[in-house]
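Colleague: Input structure: structure_14.cif, which contains mmCIF, C-alpha atoms.
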```cif
data_model
#
loop_
_atom_site.label_atom_id
_atom_site.label_comp_id
_atom_site.auth_asym_id
_atom_site.auth_seq_id
_atom_site.Cartn_x
_atom_site.Cartn_y
_atom_site.Cartn_z
CA MET V 204 103.90 52.44 175.90
CA ALA V 205 102.32 49.00 176.16
CA LYS V 206 99.06 50.44 174.77
CA GLU V 207 100.89 52.04 171.84
CA SER V 208 102.61 48.81 170.93
CA SER V 209 99.30 46.94 171.08
CA ASP V 210 97.73 49.58 168.81
CA ILE V 211 100.53 49.16 166.29
CA LYS V 212 100.08 45.40 166.41
CA ASN V 213 96.43 45.94 165.49
CA ILE V 214 97.44 47.52 162.17
CA ASP V 215 96.52 45.12 159.37
CA ARG V 216 99.84 44.44 157.65
CA LEU V 217 98.15 43.11 154.53
CA ILE V 218 96.45 46.48 153.96
CA HIS V 219 99.41 48.50 155.23
CA GLU V 220 101.51 47.81 152.11
CA PRO V 221 101.19 51.07 150.06
CA ASN V 222 99.99 49.51 146.79
CA ARG V 223 97.39 47.36 148.51
CA LEU V 224 96.33 50.32 150.64
CA MET V 225 95.64 52.34 147.49
CA ILE V 226 93.74 49.43 145.91
CA MET V 227 91.60 49.09 149.06
CA ALA V 228 91.02 52.88 149.24
CA GLN V 229 90.05 53.04 145.56
CA LEU V 230 87.60 50.16 145.86
CA TYR V 231 86.23 51.59 149.12
CA VAL V 232 84.97 54.77 147.39
CA VAL V 233 83.23 53.00 144.49
CA GLU V 234 80.71 50.19 144.14
CA SER V 235 82.97 48.22 141.80
CA ALA V 236 85.66 48.77 139.18
CA ASP V 237 87.38 46.63 136.59
CA PHE V 238 91.06 45.75 136.27
CA LEU V 239 91.77 48.37 133.58
CA PHE V 240 90.19 51.17 135.63
CA LEU V 241 92.25 50.28 138.71
CA GLN V 242 95.40 50.03 136.62
CA ASN V 243 94.80 53.52 135.17
CA GLN V 244 93.86 55.10 138.46
CA LEU V 245 96.70 53.60 140.48
CA GLN V 246 99.34 53.71 137.73
CA MET V 247 100.36 50.12 138.40
CA THR V 248 101.64 47.49 135.97
CA PRO V 249 99.25 44.61 135.19
CA GLY V 250 101.56 42.09 136.89
CA ASN V 251 101.95 44.15 140.04
CA LEU V 252 98.23 44.90 140.31
CA SER V 253 97.28 41.31 139.68
CA SER V 254 99.69 40.04 142.35
CA HIS V 255 98.34 42.45 145.00
CA LEU V 256 94.74 41.67 144.03
CA ARG V 257 95.41 37.98 144.46
CA LYS V 258 96.66 38.55 148.00
CA LEU V 259 93.61 40.67 148.84
CA GLU V 260 91.30 38.08 147.29
CA ASP V 261 92.98 35.28 149.25
CA ALA V 262 92.39 37.27 152.46
CA GLY V 263 88.70 37.60 151.54
CA TYR V 264 88.92 41.40 151.22
CA VAL V 265 88.29 41.64 147.48
CA GLU V 266 85.77 39.73 145.41
CA ILE V 267 86.04 39.12 141.69
CA VAL V 268 82.58 39.33 140.15
CA LYS V 269 81.98 37.88 136.69
CA GLU V 270 79.03 39.55 135.02
CA PHE V 271 77.60 40.35 131.61
CA ILE V 272 77.31 43.95 130.44
CA ASP V 273 75.48 44.29 127.11
CA LYS V 274 75.88 40.54 126.57
CA LYS V 275 79.67 40.83 126.89
CA PRO V 276 81.57 39.08 129.73
CA HIS V 277 83.02 41.53 132.21
CA THR V 278 85.11 41.11 135.34
CA ALA V 279 84.48 43.58 138.13
CA LEU V 280 86.32 43.90 141.41
CA GLU V 281 84.70 44.98 144.64
CA LEU V 282 85.39 45.01 148.35
CA THR V 283 83.66 42.28 150.32
CA GLY V 284 81.87 43.10 153.60
CA GLU V 285 84.92 41.77 155.39
CA GLY V 286 87.18 43.95 153.25
CA GLN V 287 85.13 47.06 154.08
CA ARG V 288 85.28 46.29 157.81
CA ALA V 289 89.02 45.58 157.63
CA PHE V 290 89.66 48.88 155.82
CA LYS V 291 87.58 50.86 158.32
CA ASN V 292 89.42 49.20 161.22
CA TYR V 293 92.76 49.86 159.54
CA LYS V 294 91.94 53.58 159.19
CA GLU V 295 90.80 53.88 162.79
CA ASN V 296 93.78 51.95 164.17
CA LEU V 297 96.31 53.92 162.14
CA LYS V 298 94.69 57.22 163.16
CA GLN V 299 94.79 56.10 166.81
CA VAL V 300 98.47 55.20 166.59
CA LEU V 301 99.37 58.54 164.97
CA ASP V 302 97.18 60.54 167.37
CA ASP V 303 98.86 58.89 170.34
CA LEU V 304 102.35 59.93 169.21
CA PRO V 305 103.83 62.83 171.19
CA LYS V 306 103.72 66.15 169.31
CA MET S 146 106.80 54.15 160.44
CA CYS S 147 105.59 55.48 157.10
CA GLY S 148 102.03 55.97 158.34
CA ASP S 149 102.09 59.75 157.86
CA LEU S 150 102.72 59.37 154.15
CA GLU S 151 100.08 56.71 153.72
CA LEU S 152 97.46 58.50 155.78
CA SER S 153 97.96 61.65 153.73
CA GLN S 154 97.48 59.61 150.55
CA VAL S 155 94.32 57.97 151.84
CA LYS S 156 92.10 61.03 151.76
CA LEU S 157 89.02 59.19 150.65
CA LYS S 158 87.11 62.28 149.56
CA ASN S 159 89.99 63.22 147.27
CA ILE S 160 90.16 59.72 145.84
CA GLU S 161 86.41 59.81 145.22
CA LYS S 162 86.63 63.18 143.47
CA ARG S 163 89.65 62.09 141.43
CA THR S 164 87.68 59.01 140.33
CA TYR S 165 84.73 61.14 139.20
CA MET S 166 87.11 63.53 137.43
CA SER S 167 88.91 60.79 135.56
CA TYR S 168 85.58 59.30 134.49
CA HIS S 169 84.50 62.67 133.04
CA GLN S 170 87.84 63.73 131.53
CA ASP S 171 86.62 62.47 128.13
CA GLY S 172 84.63 65.68 127.47
CA LEU S 173 81.42 63.79 126.66
CA ILE S 174 79.48 65.47 129.47
CA ASP S 175 80.55 68.87 128.09
CA ILE S 176 79.43 67.98 124.56
CA PHE S 177 76.02 66.82 125.79
CA ILE S 178 75.52 69.88 128.04
CA GLY S 179 76.41 72.08 125.05
CA ILE S 180 74.00 70.19 122.77
CA TYR S 181 71.23 70.63 125.32
CA ILE S 182 71.85 74.39 125.55
CA LEU S 183 71.84 74.63 121.73
CA ALA S 184 68.60 72.64 121.62
CA PHE S 185 67.07 75.09 124.07
CA ALA S 186 68.18 77.97 121.83
CA SER S 187 66.80 76.15 118.76
CA GLY S 188 63.45 75.79 120.55
CA ILE S 189 63.30 79.54 121.11
CA LEU S 190 64.36 80.22 117.50
CA LEU S 191 61.57 77.89 116.29
CA LYS S 192 59.14 79.93 118.32
CA THR S 193 60.47 83.22 116.96
CA PHE S 194 60.70 82.31 113.27
CA LEU S 195 58.11 79.56 112.78
CA LYS S 196 55.70 80.81 115.47
CA LEU S 197 55.61 77.33 117.02
CA ASN S 198 53.95 77.57 120.41
CA THR S 199 54.95 74.01 121.25
CA TRP S 200 58.66 74.94 121.11
CA PHE S 201 59.20 74.03 124.78
CA ILE S 202 58.52 70.34 123.99
CA PHE S 203 61.83 70.15 122.09
CA PRO S 204 64.18 70.93 125.04
CA ALA S 205 61.83 69.12 127.44
CA ILE S 206 62.02 65.76 125.66
CA LEU S 207 65.67 66.10 124.65
CA PRO S 208 67.17 64.75 127.93
CA ALA S 209 65.19 61.52 127.37
CA LEU S 210 66.88 61.21 123.97
CA LEU S 211 70.34 62.43 125.00
CA VAL S 212 70.86 60.32 128.13
CA PRO S 213 70.77 56.93 126.29
CA VAL S 214 73.14 58.35 123.63
CA TRP S 215 75.48 59.61 126.38
CA ILE S 216 75.46 56.19 128.11
CA SER S 217 76.16 54.49 124.79
CA ALA S 218 79.00 56.94 124.00
CA LYS S 219 80.51 56.23 127.44
CA LYS S 220 80.46 52.50 126.68
CA GLN S 221 81.94 52.93 123.21
CA ILE S 222 84.56 55.61 123.95
CA THR S 223 85.39 55.81 127.66
CA VAL S 224 85.15 52.27 129.01
CA PRO S 225 87.46 50.64 126.40
CA ARG S 226 90.10 53.28 127.23
CA ILE S 227 90.08 53.76 130.99
CA GLY S 228 87.98 50.84 132.17
CA TYR S 229 84.64 50.47 133.87
CA VAL S 230 83.63 51.84 137.26
CA LYS S 231 80.31 51.73 139.06
CA PHE S 232 79.87 54.58 141.54
CA LYS S 233 78.20 54.22 144.90
CA ALA S 234 74.55 55.18 145.17
CA ALA S 235 75.39 58.09 147.55
CA GLY S 236 77.13 60.06 144.78
CA ALA S 237 74.25 59.47 142.36
CA ASN S 238 71.78 60.49 145.08
CA LYS S 239 73.57 63.83 145.54
CA MET S 240 73.32 64.49 141.79
CA THR S 241 69.64 63.54 141.85
CA ALA S 242 69.07 65.88 144.82
CA ILE S 243 70.62 68.82 142.92
CA PHE S 244 68.62 67.92 139.79
CA VAL S 245 65.37 67.69 141.76
CA GLY S 246 66.25 70.92 143.63
CA THR S 247 66.73 72.70 140.30
CA MET S 248 63.41 71.35 139.02
CA VAL S 249 61.61 72.43 142.22
CA ALA S 250 63.12 75.92 141.93
CA GLY S 251 61.92 76.04 138.29
CA VAL S 252 58.40 74.95 139.25
CA ALA S 253 58.35 77.51 142.09
CA MET S 254 59.26 80.25 139.58
CA PHE S 255 56.51 79.03 137.27
CA PHE S 256 53.97 79.27 140.12
CA ILE S 257 55.16 82.76 141.00
CA PHE S 258 54.65 83.82 137.39
CA ALA S 259 51.45 81.99 136.63
CA PHE S 260 49.35 81.60 139.75
CA ALA S 261 50.53 83.96 142.43
CA SER S 262 50.19 87.10 140.34
CA THR S 263 47.36 88.42 142.51
CA GLN S 264 49.65 88.60 145.55
CA SER S 265 51.49 91.91 145.86
CA TRP S 266 54.76 90.30 146.95
CA ALA S 267 54.60 87.91 143.98
CA LEU S 268 53.89 90.79 141.61
CA ALA S 269 56.86 92.71 142.98
CA LEU S 270 59.08 89.63 142.70
CA ARG S 271 57.85 89.00 139.16
CA GLU S 272 58.59 92.55 138.13
CA THR S 273 62.07 92.36 139.63
CA ILE S 274 62.76 89.10 137.81
CA VAL S 275 61.41 90.39 134.50
CA ALA S 276 63.43 93.62 134.81
CA ASN S 277 66.64 91.69 135.61
CA GLY S 278 65.86 88.45 133.78
CA MET S 279 69.30 88.00 132.22
CA LEU S 280 71.05 88.56 135.55
CA PHE S 281 68.79 86.02 137.28
CA ILE S 282 69.32 83.42 134.54
CA GLY S 283 73.09 83.98 134.66
CA ALA S 284 73.18 83.68 138.45
CA GLY S 285 70.96 80.57 138.26
CA ALA S 286 73.27 78.99 135.67
CA LEU S 287 76.31 79.78 137.83
CA LEU S 288 74.65 78.30 140.92
CA VAL S 289 73.48 75.09 139.25
CA THR S 290 76.76 74.42 137.40
CA SER S 291 78.74 75.17 140.57
CA LEU S 292 76.62 72.73 142.58
CA PHE S 293 77.10 70.01 139.95
CA GLY S 294 80.81 70.86 139.65
CA PHE S 295 81.31 70.66 143.39
CA THR S 296 79.41 67.38 143.69
CA ILE S 297 81.28 65.54 140.95
CA GLY S 298 84.58 67.40 141.42
CA LEU S 299 84.59 68.87 137.89
CA LYS S 300 86.13 72.30 138.27
CA ARG S 301 85.56 73.23 134.62
CA LEU S 302 81.82 73.36 135.33
CA TYR S 303 82.52 76.43 137.50
CA GLY S 304 84.14 77.95 134.41
CA TYR S 305 81.08 77.22 132.27
CA GLY S 306 78.83 78.75 134.93
CA LEU S 307 81.03 81.82 135.07
CA LEU S 308 81.05 82.06 131.27
CA ALA S 309 77.22 81.92 131.21
CA MET S 310 77.03 84.50 134.00
CA ILE S 311 79.35 86.90 132.13
CA PHE S 312 77.41 86.56 128.84
CA PHE S 313 74.00 86.95 130.47
CA ALA S 314 75.17 89.90 132.57
CA ALA S 315 76.57 91.53 129.41
CA ALA S 316 73.26 90.85 127.62
CA HIS S 317 71.42 92.57 130.46
CA PHE S 318 73.34 95.80 129.86
CA ILE S 319 73.58 95.77 126.06
CA ALA S 320 70.16 94.16 125.35
CA PHE S 321 71.40 91.13 123.39
CA PRO S 322 68.91 88.41 122.30
CA PHE S 323 68.62 85.57 124.84
CA GLU S 324 68.79 82.78 122.22
CA VAL S 325 72.01 84.17 120.72
CA ILE S 326 73.64 84.08 124.18
CA LEU S 327 72.51 80.46 124.53
CA VAL S 328 74.03 79.60 121.13
CA ILE S 329 77.36 81.23 122.08
CA VAL S 330 77.53 79.50 125.49
CA GLY S 331 76.40 76.13 124.09
CA ALA S 332 78.84 76.26 121.16
CA THR S 333 81.74 77.24 123.46
CA ILE S 334 81.02 74.31 125.79
CA ILE S 335 80.74 71.88 122.84
CA CYS S 336 84.12 73.11 121.50
CA CYS S 337 85.73 72.57 124.94
CA GLY S 338 84.17 69.10 125.02
CA PHE S 339 85.62 68.15 121.63
CA VAL S 340 89.07 69.41 122.62
CA LEU S 341 88.90 67.30 125.80
CA LEU S 342 87.64 64.29 123.82
CA TYR S 343 90.51 64.61 121.33
CA ARG S 344 93.07 64.84 124.15
CA PHE S 345 91.45 61.91 125.95
CA THR S 346 91.55 59.63 122.91
CA LYS S 347 95.22 60.54 122.32
CA LYS S 348 96.16 59.99 125.98
CA TYR S 349 94.29 56.70 126.30
CA PRO S 350 94.42 54.59 123.15
CA VAL S 351 91.96 51.68 123.07
CA SER S 352 93.21 48.90 125.28
CA GLN S 353 93.30 45.40 123.80
CA GLY S 354 91.35 42.81 125.77
CA GLU S 355 89.52 43.38 129.04
#
```
Output the file's structure in the form of structure tokens.
Modeller:
Amino acid sequence: MAKESSDIKNIDRLIHEPNRLMIMAQLYVVESADFLFLQNQLQMTPGNLSSHLRKLEDAGYVEIVKEFIDKKPHTALELTGEGQRAFKNYKENLKQVLDDLPK
Amino acid sequence: MCGDLELSQVKLKNIEKRTYMSYHQDGLIDIFIGIYILAFASGILLKTFLKLNTWFIFPAILPALLVPVWISAKKQITVPRIGYVKFKAAGANKMTAIFVGTMVAGVAMFFIFAFASTQSWALALRETIVANGMLFIGAGALLVTSLFGFTIGLKRLYGYGLLAMIFFAAAHFIAFPFEVILVIVGATIICCGFVLLYRFTKKYPVSQGE
């Protein structure tokens, strides 16, 4: 019981929120994506997406990369190394917690 | 705890496939595949009617011309509507592996036909392929399109492969010209591509700003 509660405590609450979890999962499977692509894929409003991205950026999980594509400014979003590690840990911890539950 | 729900949503493979699918829902890949098939047919028609022995150069150099146009069309049509995504190298590597595998299989066939004709097994294989050429081409088309479809999660590529297989199998039994089958398959795929492109532009109007 003590082990289970410690496993649950290891779950990253910042990632655990469903919208942020989907943002992290989407960015985990690609190299980078822009705001419009995430908005379309996740069916989120600009305000909602921007607010969750800010929280993930503040935590150091998401990086905003300003670049030029065909001489036009472009803002891409990608997971940082820390963000990738945090997401992997989150997946493993959550799986552990669920696997430990009695059937 | 709502972990069950979230874990079921975080099937990363599914998310990856959905991302590929949404990137190719514009129909551009279909249009370009169709154009390439038509170009191949045109090459054969040039050989038949104009007796051009260099016909194979046309479909051979076409990918070099089509790929930059496809990239440009993606930038002009797709990105302003659904945004920009850069895929991980692993996905691109899989596509490259299938492409290279197809090329290697093609080269192997060429060697069987051109150089190994003195070997009895190669002669027998060549005769079998020549006798059932349309069936082999149809099966090859089905295999290659299915591999690409599976890799990028585009189920309609299975349909195109099946369509090609049906036409080539029919041509085997009713002795229909190869280039006409190519024109029918290519034109059908182009039509599907334009329908998808029309639906895509209606579903995703151009977004203002980045």
Colleague: For a quick test of understanding: name the residues of chain V lying within 6 Å of chain S when counting only C-alpha atoms, and present them as number ranges by chain.
Modeller: V: 232-237, 239-240
Colleague: Save out the residues we just selected, C-alpha atoms, as a JSON list (two decimals), in the frame of the given file.
Modeller:
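Contents of the output file result_37.json:
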```json
[["chain", "number", "residue", "atom", "x", "y", "z"],
["V", 232, "VAL", "CA", 84.97, 54.77, 147.39],
["V", 233, "VAL", "CA", 83.23, 53.00, 144.49],
["V", 234, "GLU", "CA", 80.71, 50.19, 144.14],
["V", 235, "SER", "CA", 82.97, 48.22, 141.80],
["V", 236, "ALA", "CA", 85.66, 48.77, 139.18],
["V", 237, "ASP", "CA", 87.38, 46.63, 136.59],
["V", 239, "LEU", "CA", 91.77, 48.37, 133.58],
["V", 240, "PHE", "CA", 90.19, 51.17, 135.63]]
```
Colleague: Which residue, V:Thr278, V:Asn222, V:Gln229, V:Thr283, has the smallest gap to Ser254 in chain V when you use only C-alpha atoms?
Modeller: V:Asn222
Colleague: Record the distance separating CA of Ala332 in chain S and CA of Val351 in chain S, expressed in Å with one decimal.
Modeller: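 So the answer is 27.9 Å.
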Colleague: To one decimal place, how far is CA of Tyr343 in chain S from CA of Ile180 in chain S in Å?
Modeller: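 Answer for the CA of Tyr343 in chain S to CA of Ile180 in chain S separation: 17.5 Å.
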Colleague: Which distance in Å separates CA of Leu173 in chain S and CA of Gln242 in chain V, to one decimal?
Modeller: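 These atoms are spaced 22.0 Å apart.
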Colleague: Please evaluate the PyMOL selection byres ((chain V and resi 291) around 12) against the structure above and give the resulting residues as a list in words.
Modeller: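 Checking the PyMOL selection byres ((chain V and resi 291) around 12) against this file, the residues are Ile214, Asp215, Ile218, Leu224, Met227, Ala228, Tyr231, Val232, Tyr264, Leu282, Gly284, Glu285, Gly286, Gln287, Arg288, Ala289, Phe290, Asn292, Tyr293, Lys294, Glu295, Asn296, Leu297 and Lys298 of chain V; Val155 and Leu157 of chain S.
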Colleague: Using C-alpha atoms, can you write the selected residues to a file as a short mmCIF file (atom, residue, chain, number, x, y, z; two decimals), keeping the file's coordinate frame?
Modeller:
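Now in out_33.cif:
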```
data_model
loop_
_atom_site.label_atom_id
_atom_site.label_comp_id
_atom_site.auth_asym_id
_atom_site.auth_seq_id
_atom_site.Cartn_x
_atom_site.Cartn_y
_atom_site.Cartn_z
CA ILE V 214 97.44 47.52 162.17
CA ASP V 215 96.52 45.12 159.37
CA ILE V 218 96.45 46.48 153.96
CA LEU V 224 96.33 50.32 150.64
CA MET V 227 91.60 49.09 149.06
CA ALA V 228 91.02 52.88 149.24
CA TYR V 231 86.23 51.59 149.12
CA VAL V 232 84.97 54.77 147.39
CA TYR V 264 88.92 41.40 151.22
CA LEU V 282 85.39 45.01 148.35
CA GLY V 284 81.87 43.10 153.60
CA GLU V 285 84.92 41.77 155.39
CA GLY V 286 87.18 43.95 153.25
CA GLN V 287 85.13 47.06 154.08
CA ARG V 288 85.28 46.29 157.81
CA ALA V 289 89.02 45.58 157.63
CA PHE V 290 89.66 48.88 155.82
CA ASN V 292 89.42 49.20 161.22
CA TYR V 293 92.76 49.86 159.54
CA LYS V 294 91.94 53.58 159.19
CA GLU V 295 90.80 53.88 162.79
CA ASN V 296 93.78 51.95 164.17
CA LEU V 297 96.31 53.92 162.14
CA LYS V 298 94.69 57.22 163.16
CA VAL S 155 94.32 57.97 151.84
CA LEU S 157 89.02 59.19 150.65
#
```
Colleague: If you apply the PyMOL selection byres ((chain S and resi 279) around 8) to this file, what residues do you get, as an NGL selection string?
Modeller: :S and (277-278 or 280-283 or 313-314 or 316-317 or 323)
Colleague: Would you please work out which residue, of S:Ile222, S:Leu268, S:Val245, S:Leu327, is nearest to Lys347 in chain S when using all atoms listed in the file?
Modeller: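 For Lys347 in chain S, the nearest of the candidates is S:Ile222.
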Colleague: Pick from V:Lys306, V:Lys269, V:His219, V:His255: nearest to Leu241 in chain V, with only C-alpha atoms counted?
Modeller: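 Comparing V:Lys306, V:Lys269, V:His219, V:His255 against Leu241 in chain V, the winner is V:His255.
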Colleague: Contacts of Tyr181 in chain S at 12 Å or less, counting all atoms listed in the file, minus same-chain residues fewer than 2 places along, as number ranges by chain?
Modeller: S: 174-179, 183-188, 203-212, 215, 327-328, 330-332, 334-335
Colleague: Identify, on the basis of only C-alpha atoms, every residue whose closest approach to Gly172 in chain S does not exceed 6 Å; exclude the query and any residue fewer than 3 positions from it along the same chain; express the result as JSON, numbers by chain.
Modeller: {"S": [175, 338, 341, 342]}
Colleague: For C-alpha atoms, I'd like the residues from the last selection saved as a PDB file, keeping the file's coordinate frame.
Modeller:
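Printed below is part38.pdb as written:
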```pdb
ATOM      1  CA  ASP S 175      80.550  68.870 128.090  1.00  0.00           C
ATOM      2  CA  GLY S 338      84.170  69.100 125.020  1.00  0.00           C
ATOM      3  CA  LEU S 341      88.900  67.300 125.800  1.00  0.00           C
ATOM      4  CA  LEU S 342      87.640  64.290 123.820  1.00  0.00           C
TER       5      LEU S 342
END
```
Colleague: Counting all atoms listed in the file, figure out which residue out of V:Ile226, V:Gln244, V:Asn213, V:Leu252 gets nearest to Glu281 in chain V.
Modeller: V:Ile226
Colleague: Around all of range 269-283 of chain S's listed atoms, make the axis-aligned box with 5 Å on each side and tell me centre and edge lengths in Å to one decimal, as AutoDock Vina command-line options.
Modeller:
```
--center_x 65.0 --center_y 88.5 --center_z 137.6 --size_x 26.2 --size_y 20.2 --size_z 20.8
```
Colleague: Could you name the residues that touch Gly298 in chain S at 7 Å or less, counting only C-alpha atoms, but leaving out those on the same chain fewer than 2 positions away, as a ChimeraX atom specification?
Modeller: /S:162,165-166,294-296,300
